[in-house]
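Colleague: See data.pdb below, with PDB, C-alpha atoms.
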MODEL        1
ATOM      1  CA  MET A  15     102.961-173.810-169.568
ATOM      2  CA  SER A  16     101.986-171.032-167.188
ATOM      3  CA  THR A  17     104.436-170.335-164.385
ATOM      4  CA  LYS A  18     103.341-168.186-161.441
ATOM      5  CA  ILE A  19     105.710-167.905-158.490
ATOM      6  CA  TYR A  20     104.544-164.673-156.889
ATOM      7  CA  SER A  21     106.055-165.404-153.477
ATOM      8  CA  GLY A  22     109.375-166.748-154.731
ATOM      9  CA  PHE A  23     112.557-165.552-153.062
ATOM     10  CA  ARG A  24     116.285-166.092-152.853
ATOM     11  CA  PHE A  25     118.294-166.192-149.635
ATOM     12  CA  VAL A  26     121.141-163.692-149.469
ATOM     13  CA  PRO A  27     123.433-166.248-147.751
ATOM     14  CA  SER A  28     124.103-169.402-149.728
ATOM     15  CA  ASP A  29     125.253-171.567-146.816
ATOM     16  CA  LEU A  30     122.455-173.857-145.598
ATOM     17  CA  ASN A  31     123.694-173.757-142.011
ATOM     18  CA  GLU A  32     123.404-169.970-142.024
ATOM     19  CA  VAL A  33     119.986-170.180-143.672
ATOM     20  CA  HIS A  34     118.822-172.595-140.988
ATOM     21  CA  THR A  35     120.090-170.303-138.227
ATOM     22  CA  LEU A  36     118.257-167.297-139.673
ATOM     23  CA  LEU A  37     115.011-169.239-140.044
ATOM     24  CA  SER A  38     115.299-170.561-136.497
ATOM     25  CA  LEU A  39     115.705-167.029-135.154
ATOM     26  CA  TYR A  40     112.685-165.884-137.170
ATOM     27  CA  ARG A  41     110.444-168.481-135.522
ATOM     28  CA  SER A  42     109.837-166.191-132.548
ATOM     29  CA  GLU A  43     108.431-163.522-134.911
ATOM     30  CA  VAL A  44     105.976-166.022-136.352
ATOM     31  CA  LYS A  45     105.061-167.355-132.905
ATOM     32  CA  ASP A  46     104.078-163.863-131.736
ATOM     33  CA  ALA A  47     102.161-163.170-134.955
ATOM     34  CA  VAL A  48     100.208-166.430-134.670
ATOM     35  CA  HIS A  49      99.345-165.720-131.052
ATOM     36  CA  GLU A  50      98.062-162.239-131.907
ATOM     37  CA  ALA A  51      96.040-163.553-134.862
ATOM     38  CA  LYS A  52      94.400-166.171-132.658
ATOM     39  CA  CYS A  53      93.577-163.550-130.032
ATOM     40  CA  ARG A  54      92.039-161.240-132.620
ATOM     41  CA  PHE A  55      89.875-163.984-134.103
ATOM     42  CA  LEU A  56      88.748-165.305-130.732
ATOM     43  CA  ALA A  57      87.981-161.790-129.469
ATOM     44  CA  GLY A  58      85.876-160.978-132.520
ATOM     45  CA  ALA A  59      84.042-164.313-132.539
ATOM     46  CA  ALA A  60      83.332-164.174-128.798
ATOM     47  CA  ALA A  61      82.099-160.563-129.041
ATOM     48  CA  ASP A  62      79.748-161.558-131.877
ATOM     49  CA  HIS A  63      78.448-164.424-129.765
ATOM     50  CA  ILE A  64      77.816-162.084-126.830
ATOM     51  CA  ASP A  65      76.149-159.411-128.958
ATOM     52  CA  LYS A  66      73.875-161.804-130.858
ATOM     53  CA  ALA A  67      72.704-163.281-127.577
ATOM     54  CA  ALA A  68      72.144-159.808-126.079
ATOM     55  CA  LEU A  69      70.058-158.681-129.049
ATOM     56  CA  LYS A  70      67.883-161.781-128.649
ATOM     57  CA  GLY A  71      67.617-161.275-124.901
ATOM     58  CA  GLU A  72      69.269-164.629-124.267
ATOM     59  CA  PRO A  73      72.213-165.655-122.045
ATOM     60  CA  ALA A  74      75.541-165.834-123.865
ATOM     61  CA  GLY A  75      76.740-169.061-122.234
ATOM     62  CA  GLU A  76      80.512-169.386-122.579
ATOM     63  CA  PRO A  77      81.483-166.996-125.404
ATOM     64  CA  LEU A  78      85.207-167.712-125.423
ATOM     65  CA  GLY A  79      84.572-171.445-125.432
ATOM     66  CA  ALA A  80      82.182-171.023-128.375
ATOM     67  CA  ALA A  81      84.817-168.970-130.204
ATOM     68  CA  HIS A  82      87.397-171.722-129.643
ATOM     69  CA  ASP A  83      84.952-174.277-131.045
ATOM     70  CA  GLU A  84      84.362-172.132-134.133
ATOM     71  CA  MET A  85      88.083-171.734-134.746
ATOM     72  CA  ARG A  86      88.737-175.474-134.427
ATOM     73  CA  ARG A  87      85.803-176.298-136.741
ATOM     74  CA  ARG A  88      86.911-173.895-139.444
ATOM     75  CA  GLN A  89      90.552-174.954-139.212
ATOM     76  CA  LYS A  90      89.474-178.570-139.624
ATOM     77  CA  GLU A  91      87.534-177.606-142.756
ATOM     78  CA  VAL A  92      90.657-175.944-144.155
ATOM     79  CA  ARG A  93      92.676-179.114-143.568
ATOM     80  CA  THR A  94      90.064-181.516-144.955
ATOM     81  CA  THR A  95      88.728-179.508-147.900
ATOM     82  CA  GLY A  96      91.624-177.261-148.884
ATOM     83  CA  TYR A  97      89.283-174.266-149.032
ATOM     84  CA  ARG A  98      90.785-170.871-148.216
ATOM     85  CA  ASP A  99      89.840-169.272-144.904
ATOM     86  CA  PRO A 100      92.455-166.629-144.017
ATOM     87  CA  GLU A 101      90.645-165.685-140.797
ATOM     88  CA  VAL A 102      91.681-168.970-139.172
ATOM     89  CA  ASP A 103      94.479-170.283-141.408
ATOM     90  CA  PHE A 104      97.712-169.446-139.604
ATOM     91  CA  ASP A 105     100.034-171.868-141.409
ATOM     92  CA  PHE A 106     103.346-170.380-142.527
ATOM     93  CA  LYS A 107     105.471-172.748-144.581
ATOM     94  CA  LEU A 108     108.395-172.515-146.964
ATOM     95  CA  SER A 109     109.763-174.688-149.699
ATOM     96  CA  VAL A 110     113.547-174.299-149.531
ATOM     97  CA  MET A 111     115.403-175.320-152.701
ATOM     98  CA  PRO A 112     119.197-175.252-153.053
ATOM     99  CA  TYR A 113     120.144-174.809-156.688
ATOM    100  CA  GLY A 114     123.533-173.990-158.146
ATOM    101  CA  GLU A 115     125.330-171.560-155.862
ATOM    102  CA  CYS A 116     122.172-170.136-154.265
ATOM    103  CA  VAL A 117     119.276-171.197-152.070
ATOM    104  CA  TYR A 118     115.800-170.348-153.309
ATOM    105  CA  GLY A 119     112.394-170.645-151.755
ATOM    106  CA  ILE A 120     108.654-170.085-152.009
ATOM    107  CA  VAL A 121     106.399-168.791-149.209
ATOM    108  CA  PHE A 122     103.058-170.500-148.573
ATOM    109  CA  CYS A 123     100.904-168.431-146.239
ATOM    110  CA  GLU A 124      97.366-167.024-146.271
ATOM    111  CA  GLN A 125      98.382-164.027-144.161
ATOM    112  CA  ARG A 126      99.647-161.474-146.679
ATOM    113  CA  ALA A 127     101.130-159.229-143.994
ATOM    114  CA  TRP A 128     103.237-162.113-142.680
ATOM    115  CA  GLN A 129     104.396-162.974-146.171
ATOM    116  CA  SER A 130     105.359-159.359-146.878
ATOM    117  CA  ALA A 131     107.206-159.098-143.564
ATOM    118  CA  PHE A 132     109.223-162.224-144.314
ATOM    119  CA  LEU A 133     110.108-161.093-147.834
ATOM    120  CA  ALA A 134     111.258-157.743-146.397
ATOM    121  CA  GLN A 135     113.927-159.346-144.202
ATOM    122  CA  PRO A 136     117.455-158.163-145.067
ATOM    123  CA  TRP A 137     118.616-161.740-145.589
ATOM    124  CA  VAL A 138     115.867-162.451-148.136
ATOM    125  CA  GLU A 139     115.556-161.156-151.697
ATOM    126  CA  HIS A 140     112.075-161.246-153.204
ATOM    127  CA  TRP A 141     112.631-163.176-156.417
ATOM    128  CA  PRO A 142     109.255-163.908-158.049
ATOM    129  CA  TYR A 143     108.545-164.967-161.609
ATOM    130  CA  TRP A 144     105.520-165.328-163.851
ATOM    131  CA  ASN A 145     104.975-165.646-167.580
ATOM    132  CA  SER A 146     101.268-164.802-167.624
ATOM    133  CA  THR A 147     101.658-160.991-167.667
ATOM    134  CA  ASP A 148     104.359-158.364-168.138
ATOM    135  CA  ARG A 149     107.474-158.413-165.988
ATOM    136  CA  PRO A 150     107.634-155.958-163.041
ATOM    137  CA  GLU A 151     109.162-152.528-163.412
ATOM    138  CA  GLY A 152     112.855-152.357-162.592
ATOM    139  CA  VAL A 153     113.646-155.838-163.914
ATOM    140  CA  SER A 154     115.287-155.963-167.327
ATOM    141  CA  ARG A 155     114.043-158.282-170.069
ATOM    142  CA  ARG A 156     117.306-160.218-169.899
ATOM    143  CA  GLU A 157     117.180-160.595-166.107
ATOM    144  CA  TRP A 158     113.521-161.669-166.242
ATOM    145  CA  ALA A 159     114.256-164.335-168.844
ATOM    146  CA  LYS A 160     117.193-165.615-166.790
ATOM    147  CA  ARG A 161     114.984-165.723-163.702
ATOM    148  CA  GLY A 162     112.409-167.772-165.604
ATOM    149  CA  GLU A 163     115.073-170.222-166.756
ATOM    150  CA  THR A 164     116.271-170.652-163.185
ATOM    151  CA  TRP A 165     112.825-171.297-161.750
ATOM    152  CA  ASN A 166     111.980-173.737-164.545
ATOM    153  CA  ALA A 167     115.213-175.592-163.883
ATOM    154  CA  ILE A 168     114.510-175.731-160.151
ATOM    155  CA  LEU A 169     110.971-177.036-160.586
ATOM    156  CA  ALA A 170     112.127-179.572-163.173
ATOM    157  CA  GLY A 171     113.648-181.452-160.240
ATOM    158  CA  ASP A 172     110.202-182.876-159.508
ATOM    159  CA  GLU A 173     108.173-184.910-161.987
ATOM    160  CA  TRP A 174     105.051-182.794-161.306
ATOM    161  CA  ASP A 175     106.839-179.456-160.788
ATOM    162  CA  ARG A 176     106.043-179.524-157.067
ATOM    163  CA  PRO A 177     108.275-177.238-154.999
ATOM    164  CA  VAL A 178     108.214-179.736-152.124
ATOM    165  CA  GLY A 179     109.830-182.301-154.409
ATOM    166  CA  CYS A 180     112.681-179.954-155.330
ATOM    167  CA  GLY A 181     114.133-179.360-151.876
ATOM    168  CA  PHE A 182     112.702-179.518-148.379
ATOM    169  CA  GLY A 183     109.911-177.924-146.409
ATOM    170  CA  TYR A 184     110.244-175.587-143.446
ATOM    171  CA  ASP A 185     107.212-175.209-141.183
ATOM    172  CA  PHE A 186     107.074-172.166-138.891
ATOM    173  CA  GLU A 187     103.942-173.334-137.079
ATOM    174  CA  PRO A 188     104.578-173.098-133.322
ATOM    175  CA  PRO A 189     103.345-175.749-130.864
ATOM    176  CA  PRO A 190      99.598-175.450-130.172
ATOM    177  CA  ARG A 191      98.938-172.668-127.699
ATOM    178  CA  TRP A 192      95.444-171.511-126.829
ATOM    179  CA  PRO A 193      95.363-167.871-125.713
ATOM    180  CA  GLN A 194      94.112-167.219-122.212
ATOM    181  CA  GLY A 195      91.088-165.040-121.525
ATOM    182  CA  GLU A 196      93.213-162.104-120.400
ATOM    183  CA  ASP A 197      95.114-162.158-123.711
ATOM    184  CA  VAL A 198      91.926-162.297-125.766
ATOM    185  CA  LEU A 199      90.241-159.522-123.785
ATOM    186  CA  ALA A 200      92.879-157.035-124.966
ATOM    187  CA  TYR A 201      91.665-157.510-128.561
ATOM    188  CA  VAL A 202      87.905-157.292-128.024
ATOM    189  CA  PRO A 203      86.418-154.678-130.395
ATOM    190  CA  SER A 204      85.278-151.436-128.807
ATOM    191  CA  HIS A 205      81.636-150.947-127.911
ATOM    192  CA  ALA A 206      81.311-148.324-130.675
ATOM    193  CA  ASP A 207      82.742-150.710-133.279
ATOM    194  CA  ARG A 208      80.425-153.502-132.165
ATOM    195  CA  VAL A 209      77.394-151.201-132.344
ATOM    196  CA  ALA A 210      78.373-149.988-135.816
ATOM    197  CA  ARG A 211      78.908-153.555-137.049
ATOM    198  CA  PHE A 212      75.536-154.848-135.925
ATOM    199  CA  ALA A 213      73.668-151.689-136.920
ATOM    200  CA  SER A 214      75.024-152.073-140.458
ATOM    201  CA  MET A 215      74.205-155.787-140.563
ATOM    202  CA  ARG A 216      70.664-155.276-139.302
ATOM    203  CA  VAL A 217      69.893-152.414-141.689
ATOM    204  CA  MET A 218      71.153-154.498-144.599
ATOM    205  CA  ASP A 219      69.187-157.563-143.496
ATOM    206  CA  ALA A 220      65.982-155.558-143.038
ATOM    207  CA  GLU A 221      66.257-154.053-146.522
ATOM    208  CA  PHE A 222      67.023-157.456-148.055
ATOM    209  CA  ARG A 223      63.992-159.049-146.432
ATOM    210  CA  ARG A 224      61.803-156.092-147.423
ATOM    211  CA  LEU A 225      62.767-156.581-151.057
ATOM    212  CA  LEU A 226      62.061-160.318-150.862
ATOM    213  CA  ASP A 227      58.621-159.706-149.333
ATOM    214  CA  GLU A 228      57.839-157.060-151.922
ATOM    215  CA  ALA A 229      58.760-159.440-154.757
ATOM    216  CA  GLY A 230      57.128-162.466-153.122
ATOM    217  CA  VAL A 231      60.397-164.406-153.268
ATOM    218  CA  SER A 232      61.307-167.071-150.709
ATOM    219  CA  LEU A 233      64.560-166.810-148.764
ATOM    220  CA  GLN A 234      65.414-170.286-150.072
ATOM    221  CA  ALA A 235      64.803-169.376-153.722
ATOM    222  CA  ARG A 236      67.755-169.345-156.091
ATOM    223  CA  GLU A 237      66.974-165.865-157.384
ATOM    224  CA  CYS A 238      67.017-164.321-153.904
ATOM    225  CA  MET A 239      70.750-163.561-154.258
ATOM    226  CA  GLN A 240      70.044-160.837-156.812
ATOM    227  CA  TYR A 241      68.248-158.928-154.073
ATOM    228  CA  VAL A 242      71.410-158.871-151.955
ATOM    229  CA  ILE A 243      73.043-156.572-154.519
ATOM    230  CA  GLN A 244      69.918-154.424-154.693
ATOM    231  CA  ALA A 245      69.764-154.160-150.904
ATOM    232  CA  GLU A 246      73.424-153.088-150.759
ATOM    233  CA  GLN A 247      72.732-150.342-153.285
ATOM    234  CA  ASN A 248      69.622-149.179-151.439
ATOM    235  CA  VAL A 249      71.410-148.657-148.119
ATOM    236  CA  ARG A 250      74.299-146.643-149.537
ATOM    237  CA  GLY A 251      74.571-142.903-149.158
ATOM    238  CA  PRO A 252      72.781-140.512-146.763
ATOM    239  CA  LYS A 253      69.672-142.674-146.461
ATOM    240  CA  GLY A 254      71.686-145.677-145.353
ATOM    241  CA  ASP A 255      73.763-143.558-142.988
ATOM    242  CA  HIS A 256      70.592-142.280-141.338
ATOM    243  CA  LEU A 257      69.196-145.802-140.940
ATOM    244  CA  ARG A 258      72.459-147.077-139.450
ATOM    245  CA  ARG A 259      72.663-144.193-136.985
ATOM    246  CA  ALA A 260      69.081-144.772-135.864
ATOM    247  CA  GLU A 261      69.629-148.502-135.501
ATOM    248  CA  GLY A 262      72.893-147.906-133.669
ATOM    249  CA  GLU A 263      71.195-145.637-131.157
ATOM    250  CA  ARG A 264      68.542-148.299-130.592
ATOM    251  CA  ILE A 265      70.876-151.244-130.006
ATOM    252  CA  ALA A 266      73.737-149.460-128.207
ATOM    253  CA  PRO A 267      72.124-149.866-124.753
ATOM    254  CA  LEU A 268      71.524-153.561-125.461
ATOM    255  CA  LEU A 269      75.144-154.538-126.070
ATOM    256  CA  PRO A 270      76.960-155.142-122.773
ATOM    257  CA  ALA A 271      80.438-154.082-121.767
ATOM    258  CA  ILE A 272      82.686-157.101-122.253
ATOM    259  CA  THR A 273      84.726-157.908-119.181
ATOM    260  CA  LEU A 274      86.770-161.028-118.519
ATOM    261  CA  ASP A 275      83.842-162.548-116.624
ATOM    262  CA  VAL A 276      81.478-161.890-119.542
ATOM    263  CA  LEU A 277      84.028-163.328-121.990
ATOM    264  CA  LEU A 278      84.388-166.524-119.962
ATOM    265  CA  GLY A 279      80.676-166.788-119.216
ATOM    266  CA  TRP A 280      81.225-166.438-115.483
ATOM    267  CA  SER A 281      78.823-164.686-113.147
ATOM    268  CA  PRO A 282      78.084-164.925-109.404
ATOM    269  CA  SER A 283      74.863-166.822-110.125
ATOM    270  CA  THR A 284      76.556-169.407-112.363
ATOM    271  CA  ALA A 285      79.419-169.810-109.898
ATOM    272  CA  ALA A 286      76.963-170.415-107.043
ATOM    273  CA  ALA A 287      75.155-173.019-109.088
TER
ENDMDL
END
When written as structure tokens, how does the structure in this file appear?

Modeller:
Amino acid sequence: MSTKIYSGFRFVPSDLNEVHTLLSLYRSEVKDAVHEAKCRFLAGAAADHIDKAALKGEPAGEPLGAAHDEMRRRQKEVRTTGYRDPEVDFDFKLSVMPYGECVYGIVFCEQRAWQSAFLAQPWVEHWPYWNSTDRPEGVSRREWAKRGETWNAILAGDEWDRPVGCGFGYDFEPPPRWPQGEDVLAYVPSHADRVARFASMRVMDAEFRRLLDEAGVSLQARECMQYVIQAEQNVRGPKGDHLRRAEGERIAPLLPAITLDVLLGWSPSTAAA
């Protein structure tokens, strides 16, 4: 049987009361990280909404509201389908499993930076195990085998080897908190970054559609995906750089400065109405 516990760890303290205290104190770190991640996503999604509308010559409506709707929709899909979507999946959960004289655990989180930060805490020892490839450097063969025996014994506490059935869960998720417009505004991408993003997207899309037209292939055809790879290759290098610069110069005046009013969709005319 294959065992892969890449995010396994062992608490330095063995007393559950002390473990609980340390985890409770760490909740504020997670709360701040979740808030920042939400702000970053909402800022990027709202900016995209504004820029797409500007390039079409259409009003942007309520960009921040649209970004909130997109986040809620995608988070619901994560919950109902189980599909991965790290951009909006901010869950941070642990399985905590007392065994013998120690307390072990496994991190479940799509945000790799958060996982790494947790495993770097001085009261946590990263204690992974896998039997699918070679052991990591610095761990002796004897220690690795002992680690495997321990994890197998821990997971044997559940009929289906589920970590949640071998101890208890700890959920770091803070109470729902929707960032305010002022918070989100601080994370809006710069005008230069927005121009570069859309210039690259439009150059790629134009080349892709050119290849489809040249081959007489419909956008809905199954084989159209092979032209995505060809388009990516065609817009690499100096030629692609030139096209992106030219497109960037063309669209730069079209993308507005994003203020709080623009983010919220407020303007004197809409307020008067």

Colleague: Taking all atoms listed in the file into account, which of A:Cys123, A:Ala235, A:Leu278, A:Ala80 comes nearest Asp99 (chain A)?

Modeller: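 Nearest to Asp99 (chain A): A:Cys123.
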
Colleague: With only C-alpha atoms as the atoms that count, which of A:Val110, A:Val209, A:Ala60, A:Leu69 lies nearest to Leu37 (chain A)?

Modeller: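 Once distances to Leu37 (chain A) are computed over only C-alpha atoms, the minimum belongs to A:Val110.
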
Colleague: List, as a short mmCIF file (atom, residue, chain, number, x, y, z; two decimals) with C-alpha atoms, in the frame of the given file, every residue that the PyMOL selection byres ((chain A and resi 260) around 12) selects in the file provided.

Modeller:
data_model
loop_
_atom_site.label_atom_id
_atom_site.label_comp_id
_atom_site.auth_asym_id
_atom_site.auth_seq_id
_atom_site.Cartn_x
_atom_site.Cartn_y
_atom_site.Cartn_z
CA VAL A 209 77.39 -151.20 -132.34
CA ALA A 210 78.37 -149.99 -135.82
CA PHE A 212 75.54 -154.85 -135.93
CA ALA A 213 73.67 -151.69 -136.92
CA SER A 214 75.02 -152.07 -140.46
CA ARG A 216 70.66 -155.28 -139.30
CA VAL A 217 69.89 -152.41 -141.69
CA LYS A 253 69.67 -142.67 -146.46
CA GLY A 254 71.69 -145.68 -145.35
CA ASP A 255 73.76 -143.56 -142.99
CA HIS A 256 70.59 -142.28 -141.34
CA LEU A 257 69.20 -145.80 -140.94
CA ARG A 258 72.46 -147.08 -139.45
CA ARG A 259 72.66 -144.19 -136.99
CA GLU A 261 69.63 -148.50 -135.50
CA GLY A 262 72.89 -147.91 -133.67
CA GLU A 263 71.19 -145.64 -131.16
CA ARG A 264 68.54 -148.30 -130.59
CA ILE A 265 70.88 -151.24 -130.01
CA ALA A 266 73.74 -149.46 -128.21
#

Colleague: For Glu163 (chain A), please output as a VMD selection string all residues within 12 Å (counting only C-alpha atoms; exclusion window: fewer than 4 positions along the same chain).

Modeller: chain A and resid 17 143 to 145 156 to 159 167 to 170

Colleague: Once the PyMOL selection byres ((chain A and resi 39-56) around 6) has been applied to the shown file, what residues remain in the selection, as a list of chain:residue names?

Modeller: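 Evaluating the PyMOL selection byres ((chain A and resi 39-56) around 6) on these coordinates yields A:Leu36, A:Leu37, A:Ser38, A:Ala57, A:Gly58, A:Ala59, A:Ala60, A:Ala81, A:Pro188, A:Val198, A:Tyr201.
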
Colleague: For CA of Trp141 (chain A) and CA of Phe186 (chain A), determine how far apart the two atoms are, in Å to one decimal place.

Modeller: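 Interatomic distance, CA of Trp141 (chain A) to CA of Phe186 (chain A): 20.5 Å.
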
Colleague: Enter the distance from CA of Leu226 (chain A) to CA of Met239 (chain A), in Å, rounded to one decimal.

Modeller: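 That distance, rounded to one decimal, is 9.9 Å.
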
Colleague: For CA of Asp207 (chain A) and CA of Gly71 (chain A), quote the distance in Å rounded to one decimal.

Modeller: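 These two atoms are separated by 20.3 Å.
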
Colleague: Counting only C-alpha atoms, which of A:Glu84, A:Glu72, A:Glu115, A:Glu91 gets nearest to Leu30 (chain A)?

Modeller: A:Glu115

Colleague: So, with all atoms listed in the file as the atoms that count, which of A:Arg98, A:His205, A:Arg161, A:Arg155 lies closest to Pro270 (chain A)?

Modeller: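 That would be A:His205, the residue with the smallest distance to Pro270 (chain A).
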
Colleague: With distances taken over all atoms listed in the file, which of A:Leu108, A:Gly162, A:Phe222, A:Tyr118 is nearest to Gln240 (chain A)?

Modeller: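 Counting all atoms listed in the file, the residue closest to Gln240 (chain A) is A:Phe222.
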
Colleague: Where does the PyMOL selection byres ((chain A and resi 75) around 10) land in this file, that is, which residues does it pick, as a list in words?

Modeller: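 Selected by the PyMOL selection byres ((chain A and resi 75) around 10) in this file: His63, Ile64, Ala67, Glu72, Pro73, Ala74, Glu76, Pro77, Leu78, Gly79, Ala80, Val276, Leu277, Leu278, Gly279, Trp280 and Thr284 of chain A.
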
Colleague: If you count only C-alpha atoms, which residues fall within 9 Å of Gly119 (chain A), apart from same-chain ones fewer than 4 positions away, as a VMD selection string?

Modeller: chain A and resid 21 to 25 108 to 112 141 177 181

Colleague: From the list A:Cys238, A:Asp65, A:Asp105, A:Arg250, which residue is nearest Arg208 (chain A) when using only C-alpha atoms?

Modeller: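 Residue with the minimum atom-to-atom distance to Arg208 (chain A): A:Asp65.
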
Colleague: Quick one: residues within 12 Å of Tyr20 (chain A), only C-alpha atoms, excluding same-chain residues fewer than 4 positions away - as a list in words?

Modeller: Gly119, Ile120, Val121, Phe122, Cys123, Arg126, Gln129, Ser130, Leu133, His140, Trp141, Pro142, Tyr143, Trp144, Asn145, Ser146, Thr147, Arg149, Pro150 and Trp165 of chain A

Colleague: Since the input lacks some atoms of region 111-132 of chain A, please model N, CA and C atoms and print them as a PDB file, in the coordinates of the input.

Modeller:
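The new file result.pdb reads:
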ATOM      1  N   MET A 111     114.863-174.551-151.581  1.00  0.00           N
ATOM      2  CA  MET A 111     115.403-175.320-152.701  1.00  0.00           C
ATOM      3  C   MET A 111     116.810-174.871-153.070  1.00  0.00           C
ATOM      4  N   PRO A 112     117.828-175.582-152.625  1.00  0.00           N
ATOM      5  CA  PRO A 112     119.197-175.252-153.053  1.00  0.00           C
ATOM      6  C   PRO A 112     119.337-175.534-154.546  1.00  0.00           C
ATOM      7  N   TYR A 113     119.935-174.604-155.247  1.00  0.00           N
ATOM      8  CA  TYR A 113     120.144-174.809-156.688  1.00  0.00           C
ATOM      9  C   TYR A 113     121.361-174.004-157.110  1.00  0.00           C
ATOM     10  N   GLY A 114     122.314-174.671-157.738  1.00  0.00           N
ATOM     11  CA  GLY A 114     123.533-173.990-158.146  1.00  0.00           C
ATOM     12  C   GLY A 114     124.272-173.447-156.931  1.00  0.00           C
ATOM     13  N   GLU A 115     124.597-172.175-156.967  1.00  0.00           N
ATOM     14  CA  GLU A 115     125.330-171.560-155.862  1.00  0.00           C
ATOM     15  C   GLU A 115     124.423-170.800-154.904  1.00  0.00           C
ATOM     16  N   CYS A 116     123.115-170.893-155.094  1.00  0.00           N
ATOM     17  CA  CYS A 116     122.172-170.136-154.265  1.00  0.00           C
ATOM     18  C   CYS A 116     121.138-171.057-153.644  1.00  0.00           C
ATOM     19  N   VAL A 117     120.387-170.483-152.698  1.00  0.00           N
ATOM     20  CA  VAL A 117     119.276-171.197-152.070  1.00  0.00           C
ATOM     21  C   VAL A 117     118.014-170.380-152.320  1.00  0.00           C
ATOM     22  N   TYR A 118     117.044-171.017-152.942  1.00  0.00           N
ATOM     23  CA  TYR A 118     115.800-170.348-153.309  1.00  0.00           C
ATOM     24  C   TYR A 118     114.656-170.860-152.443  1.00  0.00           C
ATOM     25  N   GLY A 119     113.535-170.195-152.539  1.00  0.00           N
ATOM     26  CA  GLY A 119     112.394-170.645-151.755  1.00  0.00           C
ATOM     27  C   GLY A 119     111.091-170.034-152.233  1.00  0.00           C
ATOM     28  N   ILE A 120     110.001-170.587-151.736  1.00  0.00           N
ATOM     29  CA  ILE A 120     108.654-170.085-152.009  1.00  0.00           C
ATOM     30  C   ILE A 120     107.895-170.051-150.687  1.00  0.00           C
ATOM     31  N   VAL A 121     107.193-168.948-150.430  1.00  0.00           N
ATOM     32  CA  VAL A 121     106.399-168.791-149.209  1.00  0.00           C
ATOM     33  C   VAL A 121     104.980-169.288-149.467  1.00  0.00           C
ATOM     34  N   PHE A 122     104.455-170.062-148.521  1.00  0.00           N
ATOM     35  CA  PHE A 122     103.058-170.500-148.573  1.00  0.00           C
ATOM     36  C   PHE A 122     102.371-170.026-147.286  1.00  0.00           C
ATOM     37  N   CYS A 123     101.534-169.025-147.414  1.00  0.00           N
ATOM     38  CA  CYS A 123     100.904-168.431-146.239  1.00  0.00           C
ATOM     39  C   CYS A 123      99.689-167.623-146.671  1.00  0.00           C
ATOM     40  N   GLU A 124      98.576-167.772-145.960  1.00  0.00           N
ATOM     41  CA  GLU A 124      97.366-167.024-146.271  1.00  0.00           C
ATOM     42  C   GLU A 124      97.399-165.607-145.708  1.00  0.00           C
ATOM     43  N   GLN A 125      98.293-165.353-144.776  1.00  0.00           N
ATOM     44  CA  GLN A 125      98.382-164.027-144.161  1.00  0.00           C
ATOM     45  C   GLN A 125      99.358-163.166-144.960  1.00  0.00           C
ATOM     46  N   ARG A 126      98.806-162.267-145.778  1.00  0.00           N
ATOM     47  CA  ARG A 126      99.647-161.474-146.679  1.00  0.00           C
ATOM     48  C   ARG A 126     100.637-160.596-145.924  1.00  0.00           C
ATOM     49  N   ALA A 127     100.229-160.078-144.776  1.00  0.00           N
ATOM     50  CA  ALA A 127     101.130-159.229-143.994  1.00  0.00           C
ATOM     51  C   ALA A 127     102.340-160.029-143.514  1.00  0.00           C
ATOM     52  N   TRP A 128     102.120-161.281-143.120  1.00  0.00           N
ATOM     53  CA  TRP A 128     103.237-162.113-142.680  1.00  0.00           C
ATOM     54  C   TRP A 128     104.172-162.401-143.842  1.00  0.00           C
ATOM     55  N   GLN A 129     103.593-162.689-144.992  1.00  0.00           N
ATOM     56  CA  GLN A 129     104.396-162.974-146.171  1.00  0.00           C
ATOM     57  C   GLN A 129     105.246-161.769-146.548  1.00  0.00           C
ATOM     58  N   SER A 130     104.636-160.585-146.535  1.00  0.00           N
ATOM     59  CA  SER A 130     105.359-159.359-146.878  1.00  0.00           C
ATOM     60  C   SER A 130     106.483-159.089-145.882  1.00  0.00           C
ATOM     61  N   ALA A 131     106.194-159.323-144.595  1.00  0.00           N
ATOM     62  CA  ALA A 131     107.206-159.098-143.564  1.00  0.00           C
ATOM     63  C   ALA A 131     108.398-160.025-143.754  1.00  0.00           C
ATOM     64  N   PHE A 132     108.125-161.277-144.097  1.00  0.00           N
ATOM     65  CA  PHE A 132     109.223-162.224-144.314  1.00  0.00           C
ATOM     66  C   PHE A 132     110.063-161.810-145.520  1.00  0.00           C
TER      67      PHE A 132
END
